[in-house]
Structure formats: structure tokens, C-alpha cells
$ cat query-v9.pdb   # PDB, C-alpha atoms, pLDDT in the B column
ATOM      1  CA  MET A 156      40.403  64.592   5.689  1.00 50.00           C
ATOM      2  CA  SER A 157      37.748  66.948   6.950  1.00 53.00           C
ATOM      3  CA  ALA A 158      38.298  69.294   9.883  1.00 54.00           C
ATOM      4  CA  GLU A 159      35.910  67.474  12.216  1.00 56.00           C
ATOM      5  CA  PRO A 160      37.726  64.069  12.251  1.00 64.00           C
ATOM      6  CA  ARG A 161      41.056  65.875  12.671  1.00 60.00           C
ATOM      7  CA  ALA A 162      39.665  67.739  15.660  1.00 58.00           C
ATOM      8  CA  ARG A 163      38.453  64.493  17.227  1.00 65.00           C
ATOM      9  CA  ARG A 164      41.831  62.844  16.761  1.00 65.00           C
ATOM     10  CA  ALA A 165      43.605  65.848  18.245  1.00 60.00           C
ATOM     11  CA  GLY A 166      41.215  65.810  21.200  1.00 63.00           C
ATOM     12  CA  ARG A 167      41.957  62.135  21.871  1.00 69.00           C
ATOM     13  CA  LYS A 168      45.694  62.785  21.770  1.00 66.00           C
ATOM     14  CA  GLU A 169      45.336  65.704  24.160  1.00 65.00           C
ATOM     15  CA  THR A 170      43.302  63.574  26.561  1.00 69.00           C
ATOM     16  CA  LEU A 171      45.841  60.748  26.345  1.00 70.00           C
ATOM     17  CA  ALA A 172      48.746  63.101  27.085  1.00 65.00           C
ATOM     18  CA  LEU A 173      46.921  64.563  30.064  1.00 65.00           C
ATOM     19  CA  LEU A 174      46.053  61.091  31.393  1.00 70.00           C
ATOM     20  CA  LEU A 175      49.655  59.957  31.049  1.00 69.00           C
ATOM     21  CA  GLY A 176      50.823  63.060  32.889  1.00 65.00           C
ATOM     22  CA  PHE A 177      48.319  62.422  35.681  1.00 67.00           C
ATOM     23  CA  ALA A 178      49.361  58.758  35.865  1.00 72.00           C
ATOM     24  CA  ALA A 179      53.005  59.828  36.147  1.00 68.00           C
ATOM     25  CA  LEU A 180      52.163  62.155  39.027  1.00 67.00           C
ATOM     26  CA  VAL A 181      50.188  59.398  40.764  1.00 71.00           C
ATOM     27  CA  ALA A 182      53.105  56.979  40.315  1.00 70.00           C
ATOM     28  CA  VAL A 183      55.552  59.526  41.699  1.00 67.00           C
ATOM     29  CA  GLY A 184      53.286  60.183  44.661  1.00 69.00           C
ATOM     30  CA  GLY A 185      52.822  56.482  45.426  1.00 72.00           C
ATOM     31  CA  ALA A 186      56.524  55.712  45.102  1.00 66.00           C
ATOM     32  CA  SER A 187      57.388  58.706  47.248  1.00 65.00           C
ATOM     33  CA  VAL A 188      55.056  57.544  50.016  1.00 70.00           C
ATOM     34  CA  TRP A 189      56.564  54.039  49.884  1.00 67.00           C
ATOM     35  CA  LEU A 190      60.145  55.310  49.930  1.00 64.00           C
ATOM     36  CA  VAL A 191      59.387  57.738  52.755  1.00 66.00           C
ATOM     37  CA  ALA A 192      57.890  54.890  54.795  1.00 70.00           C
ATOM     38  CA  ARG A 193      60.922  52.767  53.996  1.00 67.00           C
ATOM     39  CA  ASN A 194      63.272  55.536  55.121  1.00 66.00           C
ATOM     40  CA  ALA A 195      61.256  55.951  58.314  1.00 69.00           C
ATOM     41  CA  ALA A 196      61.647  52.222  59.021  1.00 68.00           C
ATOM     42  CA  PHE A 197      65.393  52.431  58.414  1.00 63.00           C
ATOM     43  CA  ASN A 198      65.658  55.461  60.690  1.00 71.00           C
ATOM     44  CA  GLU A 199      63.763  53.638  63.412  1.00 75.00           C
ATOM     45  CA  GLN A 200      66.143  50.694  63.119  1.00 76.00           C
ATOM     46  CA  VAL A 201      69.140  53.021  63.256  1.00 79.00           C
ATOM     47  CA  SER A 202      67.711  54.625  66.384  1.00 82.00           C
ATOM     48  CA  GLY A 203      67.306  51.184  67.953  1.00 84.00           C
ATOM     49  CA  VAL A 204      70.897  50.244  67.142  1.00 87.00           C
ATOM     50  CA  LEU A 205      72.226  53.457  68.657  1.00 90.00           C
ATOM     51  CA  GLU A 206      70.124  52.983  71.779  1.00 91.00           C
ATOM     52  CA  ALA A 207      71.335  49.398  72.180  1.00 91.00           C
ATOM     53  CA  LYS A 208      74.967  50.436  71.840  1.00 92.00           C
ATOM     54  CA  ALA A 209      74.508  53.245  74.361  1.00 93.00           C
ATOM     55  CA  GLU A 210      72.933  50.767  76.795  1.00 94.00           C
ATOM     56  CA  ILE A 211      75.836  48.318  76.400  1.00 95.00           C
ATOM     57  CA  VAL A 212      78.346  51.071  77.097  1.00 94.00           C
ATOM     58  CA  ARG A 213      76.244  52.260  80.062  1.00 95.00           C
ATOM     59  CA  VAL A 214      76.402  48.807  81.657  1.00 96.00           C
ATOM     60  CA  LEU A 215      80.196  48.835  81.390  1.00 95.00           C
ATOM     61  CA  SER A 216      80.327  52.329  82.863  1.00 96.00           C
ATOM     62  CA  LEU A 217      78.184  51.289  85.837  1.00 96.00           C
ATOM     63  CA  VAL A 218      80.393  48.268  86.542  1.00 96.00           C
ATOM     64  CA  GLN A 219      83.449  50.525  86.451  1.00 95.00           C
ATOM     65  CA  ASP A 220      81.763  52.985  88.823  1.00 95.00           C
ATOM     66  CA  ALA A 221      81.000  50.145  91.224  1.00 95.00           C
ATOM     67  CA  GLU A 222      84.599  48.951  91.113  1.00 94.00           C
ATOM     68  CA  THR A 223      85.896  52.494  91.680  1.00 94.00           C
ATOM     69  CA  GLY A 224      83.672  52.872  94.756  1.00 94.00           C
ATOM     70  CA  GLN A 225      84.831  49.531  96.144  1.00 94.00           C
ATOM     71  CA  ARG A 226      88.503  50.388  95.715  1.00 92.00           C
ATOM     72  CA  GLY A 227      88.075  53.769  97.371  1.00 93.00           C
ATOM     73  CA  TYR A 228      86.319  52.191 100.315  1.00 94.00           C
ATOM     74  CA  LEU A 229      88.928  49.449 100.752  1.00 92.00           C
ATOM     75  CA  LEU A 230      91.729  52.013 100.694  1.00 91.00           C
ATOM     76  CA  THR A 231      90.186  54.608 103.018  1.00 91.00           C
ATOM     77  CA  ASN A 232      87.512  52.723 104.961  1.00 90.00           C
ATOM     78  CA  ASP A 233      85.340  55.796 104.302  1.00 90.00           C
ATOM     79  CA  GLU A 234      81.691  54.985 103.613  1.00 89.00           C
ATOM     80  CA  ARG A 235      81.384  58.016 101.347  1.00 90.00           C
ATOM     81  CA  TYR A 236      83.395  56.179  98.704  1.00 89.00           C
ATOM     82  CA  LEU A 237      80.678  53.543  98.529  1.00 92.00           C
ATOM     83  CA  ARG A 238      78.127  55.902  97.003  1.00 92.00           C
ATOM     84  CA  PRO A 239      79.192  55.193  93.374  1.00 92.00           C
ATOM     85  CA  TYR A 240      79.217  51.477  94.177  1.00 94.00           C
ATOM     86  CA  GLU A 241      75.754  51.489  95.726  1.00 93.00           C
ATOM     87  CA  THR A 242      74.266  53.642  92.955  1.00 94.00           C
ATOM     88  CA  ALA A 243      75.751  51.483  90.211  1.00 94.00           C
ATOM     89  CA  ALA A 244      74.817  48.192  91.871  1.00 92.00           C
ATOM     90  CA  ALA A 245      71.203  49.373  92.151  1.00 93.00           C
ATOM     91  CA  GLN A 246      70.978  50.311  88.445  1.00 94.00           C
ATOM     92  CA  ILE A 247      72.870  47.522  86.680  1.00 95.00           C
ATOM     93  CA  GLY A 248      70.054  44.979  86.861  1.00 93.00           C
ATOM     94  CA  GLU A 249      67.557  47.405  85.346  1.00 93.00           C
ATOM     95  CA  ARG A 250      69.925  48.349  82.557  1.00 94.00           C
ATOM     96  CA  LEU A 251      70.597  44.714  81.666  1.00 95.00           C
ATOM     97  CA  GLU A 252      66.860  44.064  81.585  1.00 94.00           C
ATOM     98  CA  HIS A 253      66.286  46.992  79.221  1.00 93.00           C
ATOM     99  CA  LEU A 254      69.181  45.860  77.046  1.00 93.00           C
ATOM    100  CA  GLY A 255      67.577  42.426  76.750  1.00 92.00           C
ATOM    101  CA  LYS A 256      64.402  44.025  75.368  1.00 91.00           C
ATOM    102  CA  LEU A 257      66.374  46.035  72.816  1.00 90.00           C
ATOM    103  CA  LEU A 258      68.268  42.964  71.590  1.00 89.00           C
ATOM    104  CA  ALA A 259      65.334  40.541  71.669  1.00 82.00           C
ATOM    105  CA  ASP A 260      65.448  39.925  67.895  1.00 79.00           C
ATOM    106  CA  GLU A 261      69.233  39.515  67.616  1.00 79.00           C
ATOM    107  CA  GLY A 262      70.389  35.960  68.245  1.00 79.00           C
ATOM    108  CA  ASP A 263      74.130  36.612  68.455  1.00 85.00           C
ATOM    109  CA  GLN A 264      73.649  39.616  70.693  1.00 87.00           C
ATOM    110  CA  MET A 265      71.338  37.720  73.027  1.00 90.00           C
ATOM    111  CA  SER A 266      73.936  34.970  73.342  1.00 91.00           C
ATOM    112  CA  ASP A 267      76.602  37.521  74.269  1.00 93.00           C
ATOM    113  CA  LEU A 268      74.165  39.252  76.609  1.00 94.00           C
ATOM    114  CA  ALA A 269      73.924  36.022  78.619  1.00 94.00           C
ATOM    115  CA  LYS A 270      77.723  36.035  78.887  1.00 94.00           C
ATOM    116  CA  LEU A 271      77.652  39.682  79.918  1.00 95.00           C
ATOM    117  CA  ARG A 272      75.093  38.976  82.633  1.00 95.00           C
ATOM    118  CA  SER A 273      77.274  36.174  83.968  1.00 95.00           C
ATOM    119  CA  ALA A 274      80.452  38.279  83.987  1.00 95.00           C
ATOM    120  CA  VAL A 275      78.695  41.257  85.586  1.00 96.00           C
ATOM    121  CA  GLY A 276      77.178  38.949  88.200  1.00 95.00           C
ATOM    122  CA  ASP A 277      80.640  37.555  89.071  1.00 95.00           C
ATOM    123  CA  LYS A 278      82.083  41.051  89.381  1.00 95.00           C
ATOM    124  CA  LEU A 279      79.250  42.355  91.553  1.00 95.00           C
ATOM    125  CA  ALA A 280      79.504  39.281  93.798  1.00 95.00           C
ATOM    126  CA  GLU A 281      83.221  39.917  94.278  1.00 95.00           C
ATOM    127  CA  LEU A 282      82.583  43.588  95.040  1.00 95.00           C
ATOM    128  CA  ALA A 283      79.798  42.780  97.506  1.00 95.00           C
ATOM    129  CA  GLN A 284      81.960  40.211  99.296  1.00 95.00           C
ATOM    130  CA  THR A 285      84.892  42.559  99.761  1.00 95.00           C
ATOM    131  CA  VAL A 286      82.681  45.439 100.916  1.00 95.00           C
ATOM    132  CA  ALA A 287      80.940  43.171 103.431  1.00 95.00           C
ATOM    133  CA  LEU A 288      84.284  41.937 104.799  1.00 94.00           C
ATOM    134  CA  GLN A 289      85.574  45.508 105.125  1.00 94.00           C
ATOM    135  CA  ARG A 290      82.434  46.613 106.947  1.00 92.00           C
ATOM    136  CA  SER A 291      82.783  43.738 109.407  1.00 93.00           C
ATOM    137  CA  GLY A 292      86.341  44.786 110.193  1.00 92.00           C
ATOM    138  CA  GLN A 293      88.010  42.034 108.157  1.00 93.00           C
ATOM    139  CA  ARG A 294      90.120  44.245 105.950  1.00 91.00           C
ATOM    140  CA  GLU A 295      92.877  41.677 105.432  1.00 92.00           C
ATOM    141  CA  GLU A 296      90.356  39.083 104.287  1.00 93.00           C
ATOM    142  CA  ALA A 297      88.829  41.629 101.894  1.00 92.00           C
ATOM    143  CA  LEU A 298      92.225  42.369 100.379  1.00 91.00           C
ATOM    144  CA  ALA A 299      92.904  38.665 100.095  1.00 92.00           C
ATOM    145  CA  VAL A 300      89.782  38.286  97.946  1.00 92.00           C
ATOM    146  CA  VAL A 301      91.056  41.103  95.722  1.00 89.00           C
ATOM    147  CA  ASP A 302      94.409  39.326  95.397  1.00 89.00           C
ATOM    148  CA  THR A 303      92.758  36.183  94.030  1.00 89.00           C
ATOM    149  CA  GLU A 304      92.312  37.975  90.659  1.00 87.00           C
ATOM    150  CA  ARG A 305      88.681  36.859  90.701  1.00 89.00           C
ATOM    151  CA  GLY A 306      87.395  40.395  90.314  1.00 90.00           C
ATOM    152  CA  ARG A 307      90.005  41.285  87.711  1.00 91.00           C
ATOM    153  CA  ASN A 308      89.141  38.275  85.560  1.00 94.00           C
ATOM    154  CA  ALA A 309      85.438  39.083  85.810  1.00 94.00           C
ATOM    155  CA  MET A 310      86.101  42.665  84.737  1.00 94.00           C
ATOM    156  CA  LEU A 311      88.174  41.482  81.781  1.00 95.00           C
ATOM    157  CA  SER A 312      85.287  39.256  80.724  1.00 95.00           C
ATOM    158  CA  VAL A 313      82.875  42.195  80.976  1.00 95.00           C
ATOM    159  CA  ARG A 314      85.092  44.374  78.783  1.00 95.00           C
ATOM    160  CA  ARG A 315      85.646  41.602  76.225  1.00 96.00           C
ATOM    161  CA  VAL A 316      81.922  40.884  75.813  1.00 95.00           C
ATOM    162  CA  VAL A 317      81.103  44.599  75.670  1.00 96.00           C
ATOM    163  CA  ALA A 318      83.687  45.069  72.910  1.00 95.00           C
ATOM    164  CA  LEU A 319      82.126  42.248  70.853  1.00 95.00           C
ATOM    165  CA  MET A 320      78.612  43.557  71.314  1.00 94.00           C
ATOM    166  CA  THR A 321      79.456  47.161  70.480  1.00 94.00           C
ATOM    167  CA  ALA A 322      81.379  46.047  67.367  1.00 93.00           C
ATOM    168  CA  ARG A 323      78.303  44.145  66.206  1.00 91.00           C
ATOM    169  CA  GLU A 324      76.088  47.176  66.752  1.00 91.00           C
ATOM    170  CA  ASP A 325      78.576  49.363  64.862  1.00 90.00           C
ATOM    171  CA  LYS A 326      78.402  46.979  61.908  1.00 89.00           C
ATOM    172  CA  ALA A 327      74.598  47.036  61.960  1.00 86.00           C
ATOM    173  CA  PHE A 328      74.665  50.837  62.101  1.00 85.00           C
ATOM    174  CA  ALA A 329      76.968  51.056  59.073  1.00 86.00           C
ATOM    175  CA  GLU A 330      74.740  48.699  57.049  1.00 84.00           C
ATOM    176  CA  LEU A 331      71.545  50.536  57.953  1.00 79.00           C
ATOM    177  CA  SER A 332      73.134  53.912  57.225  1.00 75.00           C
ATOM    178  CA  GLY A 333      74.110  52.675  53.763  1.00 70.00           C
ATOM    179  CA  GLU A 334      70.580  51.409  53.106  1.00 70.00           C
ATOM    180  CA  THR A 335      69.100  54.705  54.284  1.00 66.00           C
ATOM    181  CA  SER A 336      71.425  56.666  52.012  1.00 65.00           C
ATOM    182  CA  ARG A 337      70.606  54.495  48.988  1.00 67.00           C
ATOM    183  CA  SER A 338      66.891  54.714  49.680  1.00 62.00           C
ATOM    184  CA  GLY A 339      67.091  58.500  49.924  1.00 66.00           C
ATOM    185  CA  SER A 340      68.961  58.693  46.624  1.00 67.00           C
ATOM    186  CA  GLN A 341      66.341  56.481  44.971  1.00 63.00           C
ATOM    187  CA  LEU A 342      63.588  58.722  46.292  1.00 65.00           C
ATOM    188  CA  VAL A 343      65.202  61.860  44.876  1.00 69.00           C
ATOM    189  CA  ALA A 344      65.950  60.213  41.518  1.00 69.00           C
ATOM    190  CA  PHE A 345      62.462  58.782  41.123  1.00 65.00           C
ATOM    191  CA  MET A 346      60.739  62.004  42.080  1.00 67.00           C
ATOM    192  CA  THR A 347      62.932  64.007  39.714  1.00 73.00           C
ATOM    193  CA  ALA A 348      62.330  61.625  36.796  1.00 69.00           C
ATOM    194  CA  GLY A 349      58.598  61.497  37.465  1.00 68.00           C
ATOM    195  CA  LEU A 350      58.245  65.251  37.705  1.00 68.00           C
ATOM    196  CA  PHE A 351      60.190  65.746  34.472  1.00 72.00           C
ATOM    197  CA  LEU A 352      57.978  63.169  32.742  1.00 68.00           C
ATOM    198  CA  ALA A 353      54.811  64.799  34.022  1.00 66.00           C
ATOM    199  CA  ALA A 354      56.059  68.249  33.022  1.00 69.00           C
ATOM    200  CA  GLY A 355      56.989  67.002  29.558  1.00 70.00           C
ATOM    201  CA  LEU A 356      53.578  65.453  29.008  1.00 65.00           C
ATOM    202  CA  ALA A 357      51.882  68.612  30.232  1.00 66.00           C
ATOM    203  CA  VAL A 358      53.897  70.697  27.759  1.00 71.00           C
ATOM    204  CA  LEU A 359      53.077  68.227  24.975  1.00 67.00           C
ATOM    205  CA  ALA A 360      49.365  68.457  25.780  1.00 65.00           C
ATOM    206  CA  GLN A 361      49.556  72.257  25.749  1.00 67.00           C
ATOM    207  CA  ILE A 362      51.262  72.245  22.365  1.00 73.00           C
ATOM    208  CA  MET A 363      48.627  69.916  20.984  1.00 66.00           C
ATOM    209  CA  VAL A 364      45.858  72.140  22.338  1.00 64.00           C
ATOM    210  CA  ARG A 365      47.389  75.185  20.673  1.00 71.00           C
ATOM    211  CA  ARG A 366      47.757  73.388  17.363  1.00 67.00           C
ATOM    212  CA  ALA A 367      44.145  72.246  17.466  1.00 65.00           C
ATOM    213  CA  ARG A 368      43.016  75.775  18.293  1.00 66.00           C
ATOM    214  CA  ASP A 369      45.077  77.142  15.404  1.00 67.00           C
ATOM    215  CA  ARG A 370      43.576  74.606  13.034  1.00 63.00           C
ATOM    216  CA  ARG A 371      40.071  75.604  14.064  1.00 64.00           C
ATOM    217  CA  ARG A 372      40.843  79.263  13.500  1.00 65.00           C
ATOM    218  CA  ARG A 373      42.472  78.690  10.126  1.00 62.00           C
ATOM    219  CA  PRO A 374      39.973  79.215   7.246  1.00 58.00           C
ATOM    220  CA  GLY A 375      39.235  76.136   5.203  1.00 54.00           C
ATOM    221  CA  PRO A 376      39.735  75.855   1.389  1.00 54.00           C
ATOM    222  CA  ARG A 377      37.266  77.869  -0.662  1.00 55.00           C
ATOM    223  CA  SER A 378      34.791  75.890  -2.724  1.00 52.00           C
ATOM    224  CA  PRO A 379      34.580  76.838  -6.417  1.00 55.00           C
ATOM    225  CA  ARG A 380      31.994  79.518  -7.184  1.00 56.00           C
ATOM    226  CA  PRO A 381      29.103  78.255  -9.365  1.00 54.00           C
ATOM    227  CA  MET A 382      28.962  79.701 -12.856  1.00 53.00           C
ATOM    228  CA  ARG A 383      26.149  82.135 -13.334  1.00 54.00           C
ATOM    229  CA  ALA A 384      23.898  81.966 -16.384  1.00 50.00           C
ATOM    230  CA  SER A 385      24.800  84.583 -18.952  1.00 49.00           C
ATOM    231  CA  ARG A 386      22.508  87.523 -18.977  1.00 50.00           C
ATOM    232  CA  ARG A 387      23.149  88.046 -22.688  1.00 50.00           C
ATOM    233  CA  ARG A 388      20.477  86.715 -24.912  1.00 51.00           C
ATOM    234  CA  SER A 389      21.447  84.143 -27.406  1.00 48.00           C
ATOM    235  CA  PRO A 390      21.218  85.388 -31.014  1.00 51.00           C
ATOM    236  CA  SER A 391      17.983  84.854 -32.847  1.00 51.00           C
ATOM    237  CA  ALA A 392      17.724  81.951 -35.138  1.00 50.00           C
ATOM    238  CA  PRO A 393      18.326  82.914 -38.756  1.00 52.00           C
ATOM    239  CA  PRO A 394      15.238  83.371 -40.772  1.00 51.00           C
ATOM    240  CA  THR A 395      14.232  80.484 -42.906  1.00 44.00           C
TER     241      THR A 395
END
$ encode --input "query-v9.pdb" --output "C-alpha cells"
Amino acid sequence: MSAEPRARRAGRKETLALLLGFAALVAVGGASVWLVARNAAFNEQVSGVLEAKAEIVRVLSLVQDAETGQRGYLLTNDERYLRPYETAAAQIGERLEHLGKLLADEGDQMSDLAKLRSAVGDKLAELAQTVALQRSGQREEALAVVDTERGRNAMLSVRRVVALMTAREDKAFAELSGETSRSGSQLVAFMTAGLFLAAGLAVLAQIMVRRARDRRRRPGPRSPRPMRASRRRSPSAPPT
């Protein structure tokens, strides 16, 4: 085979290796963008779960603050003890509304949120009734309402629903964290494999280029030298 066809074949192989290396880099880049976007989505979901759980716990904390203020006021008849109650009572509705927006796509959570609203409403009604009776000078009547266990049962319902809702958010957080971890591992593995493939193809193309260059520099086989006509004269023909 002549040198020119060999050079063309080598050139095609070099081009193919370079194209494969470029395709590998493009694939790695595309997959990386997709996996990064997927991780971002997972992280956003994790953030939403954490925010929802914090809001659930905040509602419970506000109800407890309101109950603490009511008890202090009933025991001392000092209006200063009502500050936690008044602050909490003013914020609970807003917090429940925000929690409903965070849980809008979660059927089970929305069902429990309705139960939480009902239990919180019962507790706040009991607190408001006893505070109003105390303010009107009917302390014994206020204490009688407390003795009915109405407020205690409402508070138990609040805690029970909050425990169910936070457990569900904890489960969602664990699942999303696992997905995020697996997605991150896939991203690292794919990028590593793609970069190694691209590097290998680049090295292969370089080796092929060097071999082709060496072949071009190597002298070809020498053609046989043509025989020269003898300068000696042929002997004269013998005389006849």
C-alpha cells in the first residue's frame, strides 16, 4: 500500500477519535447540567419540607404560649401575663394560613391540617372564654371552665396532630435526602467516567497523529537503479 492511502486512513482515524472525544465531552456536559438541575429540584423540595415542619412546630409553640399566658393571668389576675396570649392569638391564624400554602400538594397533610385547625380553634375559644370571664370579675366561673377538661382535651388533640404531621415531614425529608445523595453520586460517577473517556480518546488521537507524522518522515523504499549502457565497445566482428 502506498504512503498516500495510508495517510488518508490515518487522518480519518484521527478525526474519528477527536470527534468521539468531543461527543463524550458534550455528553458529560449535558448529563451534568441535567443532574445539577435535578439536584436543585431535590434541594428545593427539601427546603420546602423543612419549612413546613418548622411552621407546624411554630403553631404548636404559639398555642403553648397562649395557654401559658392564660394560666398566668388566671392565677395572678395581672394583665401583664396576657401578653404572650395576645401575641400568640394574633399570629396563629396567619401561621396556619401559611402552613396551608406549604402543604397544598400533600393530601394527607392537608387532611391533618383541617384537624389541627379545628383543635387549635377549640383551644383558643376555651382560652378566650376564660380570659373574658376573669376580666369581668367571674374568676370562679373561669376556673370552672378550666376544670371541664375542655381546654386540656383540645391541647392533647393539637399535640397529637402535630406529632403526626411532623413525622410525615421527617419521612419526606429522609426520602428526599436519599434521592439527593444518590443523584450527587451519579453526577460524580458520570462526570468521572466521561472525563476519563474523553482523555483516553484525546491520548489515542495524539498517538495516531505522532505515528502518522513518523510515517511521513520515514524514507520510502529505494527503487532499483537502472542499468547503464556499458561504455566499453563491443569487439569487432572477425574478418571474413
$ atom_distance --input "query-v9.pdb" --atom1 "CA of Arg307 in chain A" --atom2 "CA of Arg213 in chain A"
19.2 Å
$ residues_around --input "query-v9.pdb" --residues "Val286 in chain A" --least-positions-apart "3" --cutoff "9 Å" --atoms "all atoms listed in the file" --output "list in words"
Gln225, Tyr228, Leu229, Leu237, Glu281, Leu282, Ala283, Gln289, Arg290, Ser291 and Ala297 of chain A
$ atom_distance --input "query-v9.pdb" --atom1 "CA of Leu251 in chain A" --atom2 "CA of Ala322 in chain A"
18.0 Å
$ resolve_selection --input "query-v9.pdb" --expression "the PyMOL selection byres ((chain A and resi 240) around 8)" --output "PyMOL selection string"
chain A and resi 220-225+236-239+241-244
$ residues_around --input "query-v9.pdb" --residues "Lys326 in chain A" --least-positions-apart "4" --cutoff "12 Å" --atoms "all atoms listed in the file" --output "mmCIF file with C-alpha atoms, in the coordinates of the input"
data_model
loop_
_atom_site.group_PDB
_atom_site.id
_atom_site.type_symbol
_atom_site.label_atom_id
_atom_site.label_comp_id
_atom_site.auth_asym_id
_atom_site.auth_seq_id
_atom_site.Cartn_x
_atom_site.Cartn_y
_atom_site.Cartn_z
ATOM 1 C CA VAL A 201 69.140 53.021 63.256
ATOM 2 C CA VAL A 204 70.897 50.244 67.142
ATOM 3 C CA LEU A 205 72.226 53.457 68.657
ATOM 4 C CA LYS A 208 74.967 50.436 71.840
ATOM 5 C CA LEU A 319 82.126 42.248 70.853
ATOM 6 C CA MET A 320 78.612 43.557 71.314
ATOM 7 C CA THR A 321 79.456 47.161 70.480
ATOM 8 C CA ALA A 322 81.379 46.047 67.367
ATOM 9 C CA GLU A 330 74.740 48.699 57.049
ATOM 10 C CA LEU A 331 71.545 50.536 57.953
ATOM 11 C CA SER A 332 73.134 53.912 57.225
ATOM 12 C CA GLY A 333 74.110 52.675 53.763
#
$ residues_around --input "query-v9.pdb" --residues "range 260-263 of chain A" --least-positions-apart "5" --cutoff "10 Å" --atoms "all atoms listed in the file" --output "PyMOL selection string"
chain A and resi 255+268+320+323
$ resolve_selection --input "query-v9.pdb" --expression "the PyMOL selection byres ((chain A and resi 298) around 12)" --output "MDAnalysis selection string"
chainID A and resid 225:226 228:230 281:282 284:289 292:297 299:306
$ atom_distance --input "query-v9.pdb" --atom1 "CA of Gln246 in chain A" --atom2 "CA of Lys278 in chain A"
14.5 Å
